[in-house]
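For reference, protein_16.cif is printed below; it contains mmCIF, C-alpha atoms.
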```cif
data_protein
loop_
_atom_site.label_atom_id
_atom_site.label_comp_id
_atom_site.auth_asym_id
_atom_site.auth_seq_id
_atom_site.Cartn_x
_atom_site.Cartn_y
_atom_site.Cartn_z
CA ARG U 1110 -23.76 58.13 -82.99
CA GLY U 1111 -26.83 59.32 -81.10
CA ALA U 1112 -28.84 56.32 -82.29
CA SER U 1113 -26.05 54.03 -81.15
CA LEU U 1114 -26.08 55.56 -77.67
CA LEU U 1115 -29.86 55.22 -77.40
CA SER U 1116 -29.57 51.59 -78.49
CA ALA U 1117 -26.98 50.91 -75.80
CA MET U 1118 -29.15 52.59 -73.17
CA ALA U 1119 -31.99 50.30 -74.18
CA ILE U 1120 -30.10 47.16 -73.11
CA PRO U 1121 -32.43 45.73 -70.44
CA GLU U 1122 -31.34 45.36 -66.86
CA HIS U 1123 -30.55 41.74 -66.02
CA LEU U 1124 -30.96 40.73 -62.38
CA LEU U 1125 -29.79 37.33 -61.16
CA SER U 1126 -30.75 35.62 -57.92
CA PRO U 1127 -27.81 34.90 -55.57
CA ILE U 1128 -27.89 31.22 -56.62
CA GLU U 1129 -27.82 32.10 -60.31
CA PHE U 1130 -25.18 34.77 -59.75
CA LEU U 1131 -22.83 32.43 -57.88
CA ALA U 1132 -23.29 29.72 -60.49
CA ALA U 1133 -22.33 32.17 -63.27
CA ALA U 1134 -19.36 33.46 -61.26
CA GLU U 1135 -18.10 29.95 -60.60
CA GLU U 1136 -18.14 29.26 -64.33
CA GLY U 1137 -15.50 31.95 -64.79
CA ALA U 1138 -17.41 35.10 -65.76
CA VAL U 1139 -15.80 38.52 -65.24
CA LEU U 1140 -16.75 39.45 -61.67
CA LEU U 1141 -16.73 43.08 -60.52
CA ASP U 1142 -17.05 44.27 -56.92
CA VAL U 1143 -18.05 47.96 -56.88
CA ARG U 1144 -17.84 48.38 -53.10
CA SER U 1145 -15.09 50.48 -51.51
CA PRO U 1146 -11.50 49.15 -51.26
CA GLY U 1147 -11.89 48.63 -47.52
CA GLU U 1148 -15.01 46.51 -47.96
CA PHE U 1149 -13.29 44.50 -50.67
CA ALA U 1150 -10.24 43.89 -48.47
CA GLN U 1151 -12.44 42.65 -45.62
CA GLY U 1152 -14.04 40.03 -47.82
CA HIS U 1153 -15.09 39.51 -51.43
CA LEU U 1154 -16.19 36.75 -53.76
CA PRO U 1155 -13.17 34.72 -54.92
CA GLY U 1156 -11.93 35.85 -58.33
CA ALA U 1157 -13.62 39.24 -58.12
CA HIS U 1158 -11.92 42.39 -59.41
CA SER U 1159 -12.21 45.55 -57.34
CA LEU U 1160 -13.92 48.33 -59.30
CA PRO U 1161 -14.86 50.76 -56.51
CA MET U 1162 -17.53 53.36 -57.17
CA PHE U 1163 -16.35 55.27 -54.08
CA SER U 1164 -13.10 55.37 -52.15
CA ASP U 1165 -13.33 54.54 -48.45
CA GLU U 1166 -13.30 58.24 -47.61
CA GLU U 1167 -15.97 59.06 -50.20
CA ARG U 1168 -18.20 56.25 -48.97
CA ALA U 1169 -17.91 57.56 -45.42
CA ALA U 1170 -18.73 61.10 -46.57
CA VAL U 1171 -21.83 59.91 -48.47
CA GLY U 1172 -22.96 57.96 -45.41
CA THR U 1173 -22.54 61.01 -43.19
CA ALA U 1174 -24.47 63.18 -45.66
CA TYR U 1175 -27.31 60.66 -45.67
CA LYS U 1176 -27.54 60.61 -41.86
CA GLU U 1177 -27.25 64.35 -41.37
CA GLU U 1178 -28.95 65.80 -44.48
CA GLY U 1179 -31.02 63.04 -46.02
CA ASN U 1180 -31.12 60.94 -49.18
CA GLN U 1181 -31.08 63.77 -51.72
CA ALA U 1182 -27.93 65.33 -50.26
CA ALA U 1183 -26.22 61.92 -50.22
CA VAL U 1184 -27.16 61.23 -53.85
CA GLU U 1185 -25.91 64.63 -54.99
CA LEU U 1186 -22.62 64.17 -53.17
CA GLY U 1187 -22.29 60.68 -54.65
CA LEU U 1188 -22.82 62.07 -58.15
CA GLU U 1189 -20.15 64.66 -57.50
CA PHE U 1190 -17.69 61.92 -56.59
CA VAL U 1191 -18.63 59.54 -59.41
CA GLY U 1192 -18.94 61.99 -62.29
CA PRO U 1193 -15.19 62.33 -62.99
CA LYS U 1194 -14.75 58.53 -62.72
CA MET U 1195 -17.40 57.43 -65.20
CA ARG U 1196 -15.12 57.07 -68.17
CA SER U 1197 -12.49 55.25 -66.13
CA LEU U 1198 -15.04 52.79 -64.74
CA VAL U 1199 -16.23 51.93 -68.24
CA THR U 1200 -12.68 51.58 -69.57
CA GLN U 1201 -11.62 49.25 -66.75
CA ALA U 1202 -14.70 47.07 -67.18
CA ARG U 1203 -14.24 46.89 -70.96
CA VAL U 1204 -10.58 45.90 -70.66
CA LEU U 1205 -11.47 43.09 -68.28
CA LEU U 1206 -14.27 41.85 -70.52
CA GLU U 1207 -12.17 41.96 -73.68
CA SER U 1208 -9.26 40.16 -72.02
CA HIS U 1209 -11.54 37.33 -70.94
CA ALA U 1210 -11.25 34.34 -73.24
CA ASP U 1211 -14.98 33.57 -73.43
CA ARG U 1212 -16.19 37.20 -73.24
CA LYS U 1213 -19.00 36.26 -70.90
CA PRO U 1214 -21.23 39.04 -69.51
CA VAL U 1215 -19.81 41.08 -66.67
CA LEU U 1216 -21.20 40.14 -63.26
CA LEU U 1217 -21.66 43.05 -60.88
CA TYR U 1218 -22.33 43.30 -57.17
CA CYS U 1219 -22.25 45.75 -54.26
CA TRP U 1220 -23.23 45.21 -50.62
CA ARG U 1221 -26.99 44.71 -50.99
CA GLY U 1222 -27.54 45.02 -54.72
CA GLY U 1223 -28.74 48.59 -54.31
CA MET U 1224 -27.75 52.02 -55.53
CA ARG U 1225 -24.04 51.42 -56.11
CA SER U 1226 -24.34 48.32 -58.27
CA GLY U 1227 -27.48 49.72 -59.88
CA SER U 1228 -25.67 52.90 -60.89
CA VAL U 1229 -22.62 51.10 -62.31
CA ASP U 1230 -24.95 48.61 -64.00
CA TRP U 1231 -26.70 51.51 -65.80
CA LEU U 1232 -23.37 53.10 -66.72
CA LEU U 1233 -21.94 49.92 -68.26
CA ARG U 1234 -25.14 49.10 -70.12
CA THR U 1235 -25.18 52.64 -71.48
CA ALA U 1236 -21.65 52.03 -72.76
CA GLY U 1237 -22.79 48.84 -74.47
CA ILE U 1238 -21.22 46.39 -72.03
CA PRO U 1239 -23.41 43.35 -71.22
CA VAL U 1240 -24.00 43.20 -67.48
CA SER U 1241 -25.79 40.97 -65.00
CA ARG U 1242 -26.33 42.22 -61.46
CA CYS U 1243 -26.87 40.27 -58.24
CA GLU U 1244 -30.18 40.74 -56.50
CA GLY U 1245 -29.33 41.13 -52.84
CA GLY U 1246 -25.65 41.73 -53.56
CA TYR U 1247 -22.67 40.42 -51.66
CA LYS U 1248 -24.73 40.02 -48.48
CA ALA U 1249 -27.07 37.54 -50.17
CA CYS U 1250 -24.15 35.65 -51.76
CA ARG U 1251 -22.48 35.39 -48.37
CA ALA U 1252 -25.60 33.76 -46.96
CA GLU U 1253 -25.45 31.11 -49.72
CA LEU U 1254 -21.75 30.50 -49.09
CA ARG U 1255 -22.25 30.15 -45.34
CA GLU U 1256 -24.98 27.59 -45.96
CA ALA U 1257 -22.63 25.62 -48.22
CA LEU U 1258 -20.14 25.29 -45.35
CA CYS U 1259 -22.70 23.42 -43.25
CA GLN U 1260 -23.58 20.81 -45.85
CA PRO U 1261 -22.63 17.20 -45.00
CA ARG U 1262 -19.77 15.79 -47.06
CA PRO U 1263 -17.56 12.68 -46.74
CA TYR U 1264 -14.76 14.40 -44.83
CA VAL U 1265 -11.82 12.34 -43.57
CA VAL U 1266 -9.72 14.12 -40.96
CA LEU U 1267 -5.99 13.54 -40.81
CA GLY U 1268 -5.04 13.69 -37.14
CA GLY U 1269 -1.88 13.31 -35.10
CA MET U 1270 0.15 15.02 -32.43
CA THR U 1271 2.16 18.13 -33.23
CA GLY U 1272 5.13 17.26 -35.42
CA THR U 1273 3.60 14.22 -37.13
CA ALA U 1274 3.89 15.99 -40.53
CA LYS U 1275 0.14 16.10 -41.16
CA THR U 1276 0.42 19.00 -43.62
CA ALA U 1277 3.15 17.31 -45.62
CA VAL U 1278 1.12 14.09 -45.77
CA LEU U 1279 -2.02 15.99 -46.82
CA ARG U 1280 -0.12 17.52 -49.74
CA ARG U 1281 1.19 14.12 -50.79
CA LEU U 1282 -2.38 12.81 -50.71
CA GLN U 1283 -3.26 15.46 -53.26
CA VAL U 1284 -0.34 14.35 -55.45
CA LEU U 1285 -1.72 10.82 -55.23
CA GLY U 1286 -5.01 12.06 -56.67
CA ARG U 1287 -7.07 12.31 -53.49
CA ARG U 1288 -9.33 15.30 -52.90
CA THR U 1289 -7.87 17.55 -50.21
CA VAL U 1290 -8.59 20.91 -48.61
CA ASP U 1291 -5.51 22.57 -47.12
CA LEU U 1292 -7.01 24.82 -44.44
CA GLU U 1293 -3.61 26.02 -43.24
CA ALA U 1294 -2.62 27.09 -46.74
CA MET U 1295 -5.90 29.00 -47.04
CA ALA U 1296 -5.26 30.68 -43.68
CA ASP U 1297 -1.58 31.25 -44.51
CA HIS U 1298 -0.62 29.88 -41.09
CA PHE U 1299 0.59 26.54 -39.70
CA GLY U 1300 -1.92 26.64 -36.88
CA SER U 1301 0.15 27.03 -33.70
CA ALA U 1302 2.06 29.67 -31.77
CA PHE U 1303 4.95 28.83 -34.12
CA GLY U 1304 2.80 28.83 -37.24
CA ASN U 1305 3.61 32.34 -38.47
CA LEU U 1306 7.06 33.23 -37.23
CA GLU U 1307 7.53 35.66 -40.14
CA GLY U 1308 4.51 37.66 -39.01
CA HIS U 1309 2.95 37.92 -42.49
CA ALA U 1310 -0.64 39.04 -42.94
CA GLN U 1311 -3.41 36.45 -42.93
CA PRO U 1312 -6.70 36.72 -44.79
CA SER U 1313 -9.69 37.92 -42.81
CA THR U 1314 -11.96 35.28 -41.31
CA GLU U 1315 -14.62 36.46 -43.77
CA GLN U 1316 -12.35 35.94 -46.79
CA PHE U 1317 -11.19 32.56 -45.48
CA SER U 1318 -14.83 31.53 -45.18
CA ASN U 1319 -15.57 32.67 -48.74
CA ASP U 1320 -12.55 30.85 -50.18
CA LEU U 1321 -13.39 27.66 -48.30
CA ALA U 1322 -17.02 27.66 -49.40
CA TRP U 1323 -15.94 28.33 -52.99
CA THR U 1324 -13.63 25.31 -52.91
CA LEU U 1325 -16.25 23.01 -51.42
CA ARG U 1326 -18.91 24.12 -53.90
CA SER U 1327 -16.47 23.30 -56.70
CA MET U 1328 -16.11 19.78 -55.31
CA ASP U 1329 -19.88 19.45 -55.08
CA ARG U 1330 -20.21 20.40 -58.75
CA ARG U 1331 -17.58 17.84 -59.69
CA ASP U 1332 -19.50 15.12 -57.83
CA LYS U 1333 -22.72 16.12 -59.56
CA ASP U 1334 -21.12 16.19 -63.01
CA LEU U 1335 -19.43 12.80 -62.60
CA GLY U 1336 -22.25 11.18 -60.69
CA GLU U 1337 -19.89 9.92 -58.01
CA THR U 1338 -18.51 11.01 -54.67
CA GLN U 1339 -14.98 10.80 -53.32
CA GLU U 1340 -13.86 11.44 -49.76
CA ILE U 1341 -12.36 14.83 -48.87
CA TRP U 1342 -9.19 14.85 -46.77
CA LEU U 1343 -8.45 17.64 -44.31
CA GLU U 1344 -6.09 18.19 -41.44
CA ASN U 1345 -7.40 18.24 -37.89
CA GLU U 1346 -7.66 21.85 -36.70
CA SER U 1347 -8.82 23.70 -33.62
CA ARG U 1348 -11.42 26.47 -33.91
CA SER U 1349 -8.85 28.95 -35.15
CA ILE U 1350 -5.76 28.97 -37.35
CA GLY U 1351 -3.74 31.91 -36.16
CA LYS U 1352 -6.09 34.91 -36.35
CA VAL U 1353 -8.53 33.15 -38.69
CA SER U 1354 -11.59 31.53 -37.11
CA ILE U 1355 -12.97 28.40 -38.75
CA PRO U 1356 -16.71 28.78 -39.52
CA GLU U 1357 -18.80 27.15 -36.79
CA GLY U 1358 -21.01 25.04 -39.05
CA PHE U 1359 -18.04 23.69 -40.97
CA HIS U 1360 -16.10 22.98 -37.78
CA LYS U 1361 -19.03 20.94 -36.44
CA CYS U 1362 -18.88 18.79 -39.56
CA LEU U 1363 -15.19 18.15 -38.98
CA ARG U 1364 -15.74 17.31 -35.31
CA SER U 1365 -18.10 14.49 -36.29
CA ALA U 1366 -16.00 13.21 -39.22
CA PRO U 1367 -13.91 10.01 -39.06
CA VAL U 1368 -10.25 10.49 -38.10
CA LEU U 1369 -7.10 8.71 -39.17
CA GLU U 1370 -4.49 9.50 -36.54
CA LEU U 1371 -0.81 9.36 -37.47
CA GLU U 1372 1.44 7.72 -34.91
CA ARG U 1373 5.14 8.63 -34.88
CA THR U 1374 7.98 8.40 -32.39
CA GLU U 1375 8.92 11.45 -30.37
CA GLN U 1376 12.20 11.68 -32.27
CA ASP U 1377 10.34 11.60 -35.61
CA ARG U 1378 8.27 14.53 -34.42
CA ILE U 1379 11.20 16.53 -33.11
CA ASP U 1380 13.08 15.99 -36.37
CA HIS U 1381 10.10 17.23 -38.33
CA LEU U 1382 9.73 20.34 -36.17
CA LEU U 1383 13.41 21.13 -36.63
CA SER U 1384 13.03 20.78 -40.40
CA MET U 1385 10.21 23.35 -40.26
CA TYR U 1386 11.52 25.86 -37.74
CA GLY U 1387 15.24 25.12 -37.43
CA ASP U 1388 16.23 28.14 -39.52
CA ALA U 1389 13.98 30.60 -37.67
CA SER U 1390 15.59 33.48 -35.81
CA LYS U 1391 16.11 33.24 -32.05
CA ALA U 1392 13.96 36.32 -31.56
CA SER U 1393 10.96 34.81 -33.35
CA LEU U 1394 11.31 31.55 -31.40
CA HIS U 1395 11.49 33.53 -28.15
CA GLN U 1396 8.25 35.29 -29.05
CA ALA U 1397 6.55 31.97 -29.87
CA PHE U 1398 7.47 30.46 -26.51
CA GLU U 1399 6.30 33.64 -24.79
CA ARG U 1400 2.91 33.20 -26.43
CA ILE U 1401 2.46 29.82 -24.73
CA ARG U 1402 4.25 30.74 -21.48
CA THR U 1403 1.11 30.66 -19.34
CA LYS U 1404 -0.04 27.22 -20.46
CA LEU U 1405 3.43 25.74 -20.79
CA GLY U 1406 4.41 27.04 -17.37
CA GLY U 1407 6.89 29.80 -16.63
CA GLN U 1408 9.71 27.42 -15.66
CA HIS U 1409 9.35 25.31 -18.80
CA ALA U 1410 9.07 28.38 -21.00
CA GLN U 1411 12.24 29.82 -19.54
CA LYS U 1412 14.09 26.55 -20.06
CA ALA U 1413 12.92 26.38 -23.66
CA ILE U 1414 14.13 29.93 -24.33
CA ALA U 1415 17.47 29.07 -22.73
CA HIS U 1416 17.76 26.04 -25.04
CA VAL U 1417 17.06 28.29 -28.03
CA ASP U 1418 19.84 30.66 -26.92
CA GLU U 1419 22.21 27.72 -26.57
CA GLY U 1420 21.31 26.43 -30.03
CA ASP U 1421 19.78 23.26 -28.57
CA LEU U 1422 16.59 23.41 -30.61
CA SER U 1423 15.91 19.72 -30.11
CA SER U 1424 15.48 20.19 -26.35
CA ALA U 1425 13.39 23.31 -26.92
CA ALA U 1426 11.09 21.39 -29.27
CA LYS U 1427 10.75 18.58 -26.76
CA LEU U 1428 9.50 21.05 -24.16
CA ALA U 1429 7.02 22.56 -26.62
CA LEU U 1430 5.53 19.10 -27.17
CA VAL U 1431 4.62 18.94 -23.46
CA TYR U 1432 2.10 21.74 -24.02
CA TYR U 1433 0.85 20.72 -27.44
CA ASP U 1434 0.41 17.03 -26.59
CA LYS U 1435 -1.80 17.88 -23.61
CA THR U 1436 -3.95 20.23 -25.71
CA TYR U 1437 -4.24 17.85 -28.64
CA ARG U 1438 -5.06 14.78 -26.58
CA HIS U 1439 -7.90 16.59 -24.82
CA GLY U 1440 -9.59 17.27 -28.16
CA LEU U 1441 -8.84 13.88 -29.64
CA ASP U 1442 -10.30 11.98 -26.71
CA GLN U 1443 -13.72 13.37 -27.65
CA ARG U 1444 -13.64 11.73 -31.08
CA GLU U 1445 -15.92 8.75 -31.69
CA HIS U 1446 -14.76 7.48 -35.09
CA MET U 1447 -10.99 7.10 -35.18
CA ARG U 1448 -8.34 4.67 -36.34
CA THR U 1449 -4.58 4.89 -36.10
CA VAL U 1450 -1.96 4.70 -38.84
CA ASP U 1451 1.54 3.59 -37.92
CA ALA U 1452 3.77 6.16 -39.63
CA CYS U 1453 6.91 5.66 -37.57
CA GLY U 1454 10.00 6.22 -39.71
CA LEU U 1455 7.97 6.82 -42.88
CA ASN U 1456 8.34 9.79 -45.19
CA PRO U 1457 5.23 11.82 -46.24
CA GLU U 1458 4.73 9.91 -49.49
CA GLU U 1459 4.90 6.52 -47.78
CA THR U 1460 2.59 7.77 -45.04
CA ALA U 1461 0.07 9.12 -47.56
CA GLN U 1462 -0.07 5.74 -49.30
CA ARG U 1463 -0.55 4.00 -45.98
CA CYS U 1464 -3.38 6.42 -45.13
CA VAL U 1465 -5.15 5.64 -48.41
CA ASP U 1466 -4.81 1.92 -47.74
CA ALA U 1467 -6.12 2.33 -44.17
CA HIS U 1468 -9.04 4.42 -45.40
CA ASN U 1469 -9.97 1.91 -48.09
CA GLN U 1470 -9.96 -0.92 -45.55
CA TRP U 1471 -12.08 1.10 -43.15
CA ASN U 1472 -14.21 2.96 -45.72
CA PRO U 1473 -16.22 4.88 -43.09
CA TRP U 1474 -18.47 6.55 -45.68
CA ASN U 1475 -19.14 3.34 -47.67
CA LEU U 1476 -17.86 4.92 -50.88
CA PRO U 1477 -16.43 3.11 -53.91
CA THR U 1478 -12.73 2.75 -53.14
CA THR U 1479 -9.88 3.37 -55.55
CA SER U 1480 -6.22 2.45 -55.23
CA VAL U 1481 -3.29 4.73 -56.04
#
```

The structure in this file should be written as structure tokens.
Amino acid sequence: RGASLLSAMAIPEHLLSPIEFLAAAEEGAVLLDVRSPGEFAQGHLPGAHSLPMFSDEERAAVGTAYKEEGNQAAVELGLEFVGPKMRSLVTQARVLLESHADRKPVLLYCWRGGMRSGSVDWLLRTAGIPVSRCEGGYKACRAELREALCQPRPYVVLGGMTGTAKTAVLRRLQVLGRRTVDLEAMADHFGSAFGNLEGHAQPSTEQFSNDLAWTLRSMDRRDKDLGETQEIWLENESRSIGKVSIPEGFHKCLRSAPVLELERTEQDRIDHLLSMYGDASKASLHQAFERIRTKLGGQHAQKAIAHVDEGDLSSAAKLALVYYDKTYRHGLDQREHMRTVDACGLNPEETAQRCVDAHNQWNPWNLPTTSV
């Protein structure tokens, strides 16, 4: 038994660069984040499991001890916190590894690849669990992910005034086999004052950024593996989706990308808005109109709220379009590469097919075109 323990302790430490670490994580290895729960909630690598060395309160206490009493006091306090957890940390890591189909080595990271990940790395190696640790930690991985967001790709932006069913069309494009990135789904918000009437929690901007970069890197790998490139469809968005801010470098790429703008009648748009928000409570619709009161104008906002109270949602939606059309047109007028798609009276599937046809005729990125 003693010889076995010594053998386990002799397993060499395995450090990976951020590039190597992300590549291994994206292949599906067991990924453990040993930072505190609060740090994990703020942002983590997609697919990571939280295996905190310290609770939020313990981390704060260790930090205070370091500032007030020095490194030795902080280390001793940390050991006091971790000691009772050692067995549990090993058990959790082993369960995750054994439940993984390919039983790949555990990948471990903390904030900077320092004492926390180093300590858990030693503990798991001592227990005989194969571990690879990230040099530079989460901070270094974040830098790689942010860089990925700025890389040029053949984006095609699906534009159109509010109510032109851009999201529905984007999802039909995916069904038709086109590559899409649904930013609003990632942000858990429809991107307007009416986009989260239920008031559910959104991911942090940091987590949104991580998830987006992860998705784009996956597409890059697919292109490299197949030796070909396909356009990537996204919906036109402002700089924020609800409380989530779109990364600046990525947003710049979208601003310069070609746009296919959907054209629909006003009645088409109103009908679509009613299909989305017609069952919402009066209170939530009141709050949404209050959020745009200043830009819509007090008189218009009051009329819209009165229409909601009367059950005349069609008239309320028509007033909302006054504000959104002005805002959207201002941004769209700055676009250089744009073509229109007549989608009047078409359902999302028909519109998606028409968008593919329009893109293939235009082919702004000079890519090999495929029909659907």

Item to check | Contacts of Gly1308 of chain U within 12 Å, all atoms listed in the file, excl. fewer than 4 positions in-chain, as a ChimeraX atom specification | outcome: /U:1297-1299,1302-1304,1351-1352,1389,1393-1394,1396-1397

Next on the checklist: Can you tell me which residues surround Ser1390 of chain U at a distance of at most 10 Å, considering only C-alpha atoms, apart from same-chain residues fewer than 3 positions away, and format the answer as a ChimeraX atom specification?
Outcome noted: /U:1306-1307,1386-1387,1393-1395,1417

Checklist entry - Between U:Gln1201, U:Asn1475, U:Thr1173, U:Thr1403, which one has atoms that come closest to Thr1338 of chain U, using only C-alpha atoms? => result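 The shortest atom-to-atom distance to Thr1338 of chain U comes from U:Asn1475.
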
Checklist entry - Counting only C-alpha atoms, which residues come within 12 Å of (-20.3, 20.7, -54.9), with the point read in the file's coordinates, and could you list them as a count of residues only? => result 29

Item to check | Which of U:Val1290, U:Leu1369, U:Ala1182, U:Ile1238 sits closest to Glu1445 of chain U [using all atoms listed in the file] | outcome: U:Leu1369

Next on the checklist: If the PyMOL selection byres ((chain U and resi 1147-1153) around 7) were run on this exact file, what residues would it hold? Put them as a list in words.
Outcome noted: Arg1144, Ser1145, Pro1146, Leu1154, Pro1155, Ala1157, Ser1159, Asp1165, Ser1313, Glu1315 and Gln1316 of chain U

Checklist entry - Hey, which of U:Ala1392, U:Val1240, U:Ala1170, U:Ile1350 ends up closest to Lys1213 of chain U? Count only C-alpha atoms. => result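 Closest candidate: U:Val1240.
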
Checklist entry - Nearest to Asn1345 of chain U: which of U:Gly1286, U:Gly1268, U:Gly1179, U:Gly1358 is it, counting all atoms listed in the file? => result U:Gly1268

Distance cut-off 12 Å, centre (-23.5, 51.7, -58.8) in file coordinates, counting all atoms listed in the file: which residues qualify? Return them as an mmCIF file with C-alpha atoms, keeping the file's coordinate frame.
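Result file follows (out_0.cif):
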```cif
data_model
loop_
_atom_site.group_PDB
_atom_site.id
_atom_site.type_symbol
_atom_site.label_atom_id
_atom_site.label_comp_id
_atom_site.auth_asym_id
_atom_site.auth_seq_id
_atom_site.Cartn_x
_atom_site.Cartn_y
_atom_site.Cartn_z
ATOM 1 C CA LEU U 1141 -16.730 43.080 -60.520
ATOM 2 C CA ASP U 1142 -17.050 44.270 -56.920
ATOM 3 C CA VAL U 1143 -18.050 47.960 -56.880
ATOM 4 C CA ARG U 1144 -17.840 48.380 -53.100
ATOM 5 C CA SER U 1145 -15.090 50.480 -51.510
ATOM 6 C CA LEU U 1160 -13.920 48.330 -59.300
ATOM 7 C CA PRO U 1161 -14.860 50.760 -56.510
ATOM 8 C CA MET U 1162 -17.530 53.360 -57.170
ATOM 9 C CA PHE U 1163 -16.350 55.270 -54.080
ATOM 10 C CA VAL U 1184 -27.160 61.230 -53.850
ATOM 11 C CA GLY U 1187 -22.290 60.680 -54.650
ATOM 12 C CA LEU U 1188 -22.820 62.070 -58.150
ATOM 13 C CA PHE U 1190 -17.690 61.920 -56.590
ATOM 14 C CA VAL U 1191 -18.630 59.540 -59.410
ATOM 15 C CA GLY U 1192 -18.940 61.990 -62.290
ATOM 16 C CA LYS U 1194 -14.750 58.530 -62.720
ATOM 17 C CA MET U 1195 -17.400 57.430 -65.200
ATOM 18 C CA LEU U 1198 -15.040 52.790 -64.740
ATOM 19 C CA VAL U 1199 -16.230 51.930 -68.240
ATOM 20 C CA LEU U 1217 -21.660 43.050 -60.880
ATOM 21 C CA TYR U 1218 -22.330 43.300 -57.170
ATOM 22 C CA CYS U 1219 -22.250 45.750 -54.260
ATOM 23 C CA TRP U 1220 -23.230 45.210 -50.620
ATOM 24 C CA ARG U 1221 -26.990 44.710 -50.990
ATOM 25 C CA GLY U 1222 -27.540 45.020 -54.720
ATOM 26 C CA GLY U 1223 -28.740 48.590 -54.310
ATOM 27 C CA MET U 1224 -27.750 52.020 -55.530
ATOM 28 C CA ARG U 1225 -24.040 51.420 -56.110
ATOM 29 C CA SER U 1226 -24.340 48.320 -58.270
ATOM 30 C CA GLY U 1227 -27.480 49.720 -59.880
ATOM 31 C CA SER U 1228 -25.670 52.900 -60.890
ATOM 32 C CA VAL U 1229 -22.620 51.100 -62.310
ATOM 33 C CA ASP U 1230 -24.950 48.610 -64.000
ATOM 34 C CA TRP U 1231 -26.700 51.510 -65.800
ATOM 35 C CA LEU U 1232 -23.370 53.100 -66.720
ATOM 36 C CA LEU U 1233 -21.940 49.920 -68.260
ATOM 37 C CA ARG U 1234 -25.140 49.100 -70.120
ATOM 38 C CA ARG U 1242 -26.330 42.220 -61.460
ATOM 39 C CA CYS U 1243 -26.870 40.270 -58.240
ATOM 40 C CA GLY U 1246 -25.650 41.730 -53.560
#
```

Checklist entry - Evaluating the PyMOL selection byres ((chain U and resi 1429) around 9) on the displayed file yields which residues, as JSON, numbers by chain? => result {"U": [1398, 1401, 1405, 1409, 1410, 1413, 1424, 1425, 1426, 1427, 1428, 1430, 1431, 1432, 1433, 1434]}

Item to check | Atomic distance atom CA of Ser1423 of chain U - atom CA of Thr1374 of chain U, expressed in Å with one decimal | outcome: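 A separation of 14.0 Å between them.
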
Expanded to explicit residues, what is the PyMOL selection byres ((chain U and resi 1372) around 9) for this file, as a short mmCIF file (atom, residue, chain, number, x, y, z; two decimals) with C-alpha atoms, keeping the file's coordinate frame?
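Listed below is the output, expr-v4.cif:
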```cif
data_model
loop_
_atom_site.label_atom_id
_atom_site.label_comp_id
_atom_site.auth_asym_id
_atom_site.auth_seq_id
_atom_site.Cartn_x
_atom_site.Cartn_y
_atom_site.Cartn_z
CA GLY U 1269 -1.88 13.31 -35.10
CA MET U 1270 0.15 15.02 -32.43
CA THR U 1273 3.60 14.22 -37.13
CA GLU U 1370 -4.49 9.50 -36.54
CA LEU U 1371 -0.81 9.36 -37.47
CA ARG U 1373 5.14 8.63 -34.88
CA THR U 1374 7.98 8.40 -32.39
CA THR U 1449 -4.58 4.89 -36.10
CA VAL U 1450 -1.96 4.70 -38.84
CA ASP U 1451 1.54 3.59 -37.92
CA ALA U 1452 3.77 6.16 -39.63
CA CYS U 1453 6.91 5.66 -37.57
#
```

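Here atom CA of Pro1214 of chain U stands at a distance of 28.8 Å from atom CA of Pro1312 of chain U.
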
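Comparing the minimum interatomic distances between Ala1249 of chain U and each of U:Phe1130, U:Asn1456, U:Asp1466, U:Asp1377, counting only C-alpha atoms, we find that U:Phe1130 sits nearest.
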
Checklist entry - Taking into account only C-alpha atoms, which residue in the set U:Ser1365, U:Thr1235, U:Ser1241, U:Gln1181 is nearest to Ala1138 of chain U? => result U:Ser1241

Next on the checklist: To one decimal place in Å, what is the distance between atom CA of Val1171 of chain U and atom CA of Tyr1247 of chain U?
Outcome noted: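 Computing the Euclidean distance for atom CA of Val1171 of chain U and atom CA of Tyr1247 of chain U yields 19.8 Å.
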
Using the partial input, fill out segment 1445-1451 of chain U with N, CA and C atoms; write the result as a compact mmCIF listing (two decimals), keeping the file's coordinate frame.
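Result written to result-v1.txt:
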```
# COMPACT_ATOMS: atom_id res chain seq x y z
N GLU U 1445 -15.27 10.05 -31.74
CA GLU U 1445 -15.92 8.75 -31.69
C GLU U 1445 -15.42 7.80 -32.78
N HIS U 1446 -15.14 8.34 -33.96
CA HIS U 1446 -14.76 7.48 -35.09
C HIS U 1446 -13.30 7.74 -35.44
N MET U 1447 -12.42 6.86 -34.99
CA MET U 1447 -10.99 7.10 -35.18
C MET U 1447 -10.24 5.78 -35.32
N ARG U 1448 -9.27 5.79 -36.22
CA ARG U 1448 -8.34 4.67 -36.34
C ARG U 1448 -6.93 5.23 -36.44
N THR U 1449 -5.96 4.43 -36.09
CA THR U 1449 -4.58 4.89 -36.10
C THR U 1449 -3.84 4.34 -37.32
N VAL U 1450 -2.83 5.10 -37.73
CA VAL U 1450 -1.96 4.70 -38.84
C VAL U 1450 -0.53 4.76 -38.34
N ASP U 1451 0.15 3.64 -38.36
CA ASP U 1451 1.54 3.59 -37.92
C ASP U 1451 2.42 4.23 -38.99
```
